[in-house]
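Presented below is the structure to which this report refers.
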Amino acid sequence: MNEAMEELLQELKKKIVEELDLKDVTPNDLADDTFFFDGGLGLDSVDLMILVALVDRDYGVEIFNRELGEKVFITLSTLAEYIMTHRKKG
């Protein structure tokens, strides 16, 4: 894994814990392959909407339909890979 990806993963972990106000979870508790839903963080549809807004606001990356969201919001790594590929430069 390259340094930019590692930095993005650490940044995402911190933002996710803060934005979703996850109780009893720290960024260090989250592995790169932590699932967002079943068997992982157990997020719900409201949490998902918050994450979609966060990704758009902070990285300029839109997740514009459910099918795309189902591919991107699997684990922290799948989200980070999508952001790295699609983020707006500058």
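By convention in this document, the chains of the structure tokens carry letters A, B, ... by their order, each chain's residues are numbered from 1, and ligands are numbered from 1 in the order they are shown.
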All residues 10 Å or closer to Leu79 in chain A, only C-alpha atoms, same chain fewer than 4 positions away omitted, as a PyMOL selection string:
chain A and resi 8-9+12+32+36+55+69+71-75+83-84
Q: Mind checking which residues fall within 10 Å of Asp58 in chain A, counting only C-alpha atoms, ignoring those fewer than 5 positions away in the same chain, and posting them as a PyMOL selection string?
A: chain A and resi 15+53+87
Suppose we keep C-alpha atoms; can you now write the selection as a JSON list (two decimals), in the first residue's frame?
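Everything below was put into out_18.json:
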```
[["chain", "number", "residue", "atom", "x", "y", "z"],
["A", 15, "LYS", "CA", -13.60, 11.50, 10.04],
["A", 53, "ALA", "CA", -22.18, 13.85, 2.13],
["A", 87, "ARG", "CA", -11.13, 12.69, -6.18]]
```
Task: Residues near Leu22 in chain A, cut-off 12 Å, only C-alpha atoms, skip fewer than 5 positions along chain, as a VMD selection string - done: chain A and resid 13 to 17 27 29 to 30 41 to 43 47
Take the residues that were just selected and, keeping C-alpha atoms, output them as a PDB file, in the first residue's frame.
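As a result, part.pdb now contains:
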```
ATOM      1  CA  LYS A  13     -11.131   6.514   9.996  1.00  0.00           C
ATOM      2  CA  LYS A  14     -10.875   9.712  12.027  1.00  0.00           C
ATOM      3  CA  LYS A  15     -13.598  11.501  10.041  1.00  0.00           C
ATOM      4  CA  ILE A  16     -15.976   8.531  10.151  1.00  0.00           C
ATOM      5  CA  VAL A  17     -15.679   8.162  13.930  1.00  0.00           C
ATOM      6  CA  PRO A  27     -10.000   5.414  14.648  1.00  0.00           C
ATOM      7  CA  ASP A  29     -10.143   0.328  16.417  1.00  0.00           C
ATOM      8  CA  LEU A  30     -10.965   0.312  12.708  1.00  0.00           C
ATOM      9  CA  LEU A  41     -19.782  -1.107  12.080  1.00  0.00           C
ATOM     10  CA  GLY A  42     -23.462  -1.958  11.606  1.00  0.00           C
ATOM     11  CA  LEU A  43     -24.290   1.389  10.025  1.00  0.00           C
ATOM     12  CA  ASP A  47     -25.233   6.883   8.560  1.00  0.00           C
TER      13      ASP A  47
END
```
